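Notes follow once the structure below has been shown.
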Amino acid sequence: MRSPSTFDSTTKARSLAFVFDAAALVCLLTVVFPHDREARVGPMLVLAFASIALGLACLRFAPRLTEPLLHGGLAVATVIVSLLVHFAEQSALYPLIYMWPALYAFYFFSTPVALAHLASIGAAYGVVLNIDDTADATIRIVLVLGTPLVIGLLISRLLGKMREGILRSSRQERALRSSERHTRLIVDSARDGFISTDSDGRVLDVNAAAEVLLGRPRAELLGMPFQDLGIPPEEHARFDERRRALIEGAHGDGTRHLSIRVSIDRPDGTRLRGETMIWVVERDGEVLFNARLTDIGDRLREQAERERLVAAEAAREQAEHAEQTIRRLQAVADVALTHRHLDDLLPVILRRTREVMNADAAALLLLQDDGQLSLAASDDAPGSQRPGVVRADTGIAGRVLASGEPVLVHDPTAGELADPAILEAAISSILALALLSSGEIIGVIEIGVRPPRRLSLDDVDLMRLTADRVALAIDHARAFGREHRIAETLQRSLLPQTLPTVPGVALGARYLPAAAESEVGGDWYDAIALPGGRILLVMGDVSGKGLAAASTLGALRNAIRAYALEGHGPAEIAERVNRFVLAEPGREHMATLVLALFDPVSGELGWVNAGHPPPLTLDATGEPLFLEGARSVPLGVLPFPGYEQETTTIASAGAVVLYTDGLIERRGEHLETGMALLATAAGDGPLDAEALCDRLLAAAVPSGATSDDVALLVLSHIPLGARLALELANEPSALGSLRGLLRRWLGQADASQADVYAIVMACSEACTNAIEHAGAAADETIAFAAVLLDGQVDITVRDRGRWREQRPPSDQGRGLELIEALMDDVSVETDDGGTTVRLRRRLTAAVEA
Amino acid sequence: MSPPPATLEHARHGDHVVVTLRGELDVFNAADMTAAIEAAVPSDAHGAVIDLSGVGFLDSTAIRRLFALTGRLGERRQRVHVVSPEGSTVLRTLELVEFSRAAPMHDTLADALEQLEQRDAQSGRPRSG
């Protein structure tokens, strides 16, 4: 039926106002036209004004009246009506006034709520009847309740139907209007003109575009005959004929259409060149014409627009091409950043030059110190690279060199060529320019193109820009090369040329500079033979690269040597060189360092580690162990880092490996991976120093080329067997370690203290003599060998010099005297190769046995 | 030249200087060591005790230098006594070259100092300081 929610609160409030006003009206009418019984005028007037006030309040606050307020209002209205009925003394028709609140309730509220209101109306009326004490209450109640109910229901039903009808028709009307508006919008917004005429060709309607196309306002056009729209008079006959044919056709098979070209003279004197399509529409037996008018002039304009766009696109492409050229030019300059060596750089830079100039061939000649040009690189067909020397006074290059000006040659002959490759490639034009560095010519760059292309003087500007960048890149590479060579030389000079010979140990070392692209690093190692037969192993890495790093390295190396020879231990040396690095003025360098002091006699290794990868030790079976202890911060970081030495023992036949991070670091891999690889490779084979070095390098740097420097220093602890064989350095400091090793060796053989004393003393004397005799030949070594067989020790000391026969008697006498006093047998043999001393002593224990 | 692997300490005992050597003395460090001993004995000292108890090895060159040293100090009228305990390897060497002819040998430092003072008293040298 009806849905109360379709009404907004304003409508409901206004309707309630009407209820109040209706009550007020009845009150006033009762006062004005008093019926037979005397009405109470005073109460009636009060009621009337109260109702008017409430009605006005409803109107005033219409939109703000909520649903509960409306219910309250209706209840108040019911009370007013009841009072009205009461004061009107039950005049017969007054109860009908209850119809208004009932009607209102049913109309605006849902049925249950309306019934509640109806109940309240009934109750109110019941109260009134009771007070007035009227007879026949039952009939009156039925009458009073029934009348408003029935009338209310009937009227609300009726009103509902009416309302629906009104709503429906207004909706339809709105939809229609909206549809028309849309259609109109569609038609009006079309770029084509639409014209509709009746069968006589009178205009019924036009759209906006038609107004513009025809040059007349709509008002003027409506009703105008088709012919007057601006069709030239000579065309009228043809147009009319066509139109008739169309109508006849329309009678035959419905809608027909035709397309014709028209020219229309507008009132403002301009002419429209158009195309019109006309079609016939039959509607309700009436024949209508519809025409669509298109401006072909538009199409011509579109074509012009398209041409303009194509031109703009071409301009954009040209701009992009220029930008690409600039990028390629930049690429020429950038070569110097990625290729630091001239030999690597030239082929790349030549290829990029060719890309910039879009050339088929290119060649680069560099001016040598002797004034000749060397063909440094040529870029053409494969196999055409033939670097060689070109005379500086001939050919295209020679002309460039002589004049400094660009030279452009078409169809070059062999005599003019600097690069034979360019001739082989059948080149039609060659352009050559000087390469300038600080205003000096450093070479010539040439490009060539193949037929049918030809180079022109227009190419010179771009080629000049290219040549400048090539020259700059070559400058950079040369400067880098100089620095690299100096740094490499310095670094090489700071690594030991030969490792010291220390009895009881064998040393091996490798140094692998980083692959050519990088700068020289700060890795270094050192091995310093110390008094008492001990040896200090040094492995370090100065942060930074290049000359600065190399010179810091040199200073550090010398400082460590000096402190070591002063007799300081690893921890003290580290503390001192740390202060030294910190104090270096203006340097921001840091260095990692491992110092390991090894005593071959005891096998003890004391080490400190200043932020360096841990040393690797191997026992006699090749079982690897990294020395993780004694670790502290790198040098040059803290003023008092507190380096502390730790001590371990390198087993006889074991080894210790020091290295720099280049050996264990690989791109994209964990350090632990590299260390594990190192440990595995170290334990997998013989433990002598040289074999270890080779094996470790092969495992860590299979390609032989590293991205970082690699330094490696291996010490293997030579086992003491039944035969003790030692190489002694030709210097007195070796004697201490000889005595130490000899004591250890004799200890293993259970020699008595007296034997040990005698043999050590005699050997020391014999070796002292050998060292003195070897004399000038400082790099010679002394071969010492001791063999224990059947309780007898046989010792051989061989040098490559001659025993000095004319020594002061007291000196030699005392040495030999001692030896002879201590040993059972002494012999001295001198030949061309040197002198051999043989000593023999039977061990006391053996004698007793 | 590098310093020796041996160490030297010296202390004044009245009119005498005690020079204590430790380590091994050989051709490598003998010259430096004897020069250091000589420098440690001022000209006003009546004599010196060279304590070799802590020396583990003495080669012929070192002995030669010690002989020469006792000669030079003797020229300065300064007596030299040597401490080398019984049974030490160094004593063996010194006995072999009969070092006792150049300088009196003692088992302990106390013996050496006592002897020196007695000699001073016998020769009537006044105590200084």
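By convention here, the chains of the structure tokens are called A, B, ... in the order presented, each chain's residues are numbered starting at 1, and ligands are numbered starting at 1 in the order presented.
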Select residues of chain B: the criterion is any atom within 10 Å of an atom of chain A, counting only C-alpha atoms; output as a PyMOL selection string. chain B and resi 1-6+23-29+56-61+63-64+88-90+92-93+96-97
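All residues of protein, DNA or RNA that reach within 8 Å of stretch 21-35 of chain A, judged by only C-alpha atoms and not counting those fewer than 6 positions away in the chain, are Val41, Met44, Leu45, Leu47, Ala48, Phe49, Ala50, Ser51, Ile52, Gly55, Ile80, Val81, Leu84, Ala88 and Ile97 of chain A.
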So, counting only C-alpha atoms, which residue among A:Ile474, A:Leu83, A:Leu69, A:Val348 is closest to A:Ala331?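 The answer is A:Val348, which sits nearest to A:Ala331.
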Just want the 12 Å neighbourhood of B:Ala11, counted on only C-alpha atoms, with same-chain residues fewer than 2 positions away dropped. Output as a list in words. Leu8, Glu9, His13, Gly14, Asp15, His16, Val17, Val18, Val19, Thr20, Leu21, Ile37, Ala40, Val41, Pro42, Ala45, Ala48, Val49, Ile50 and Asp51 of chain B
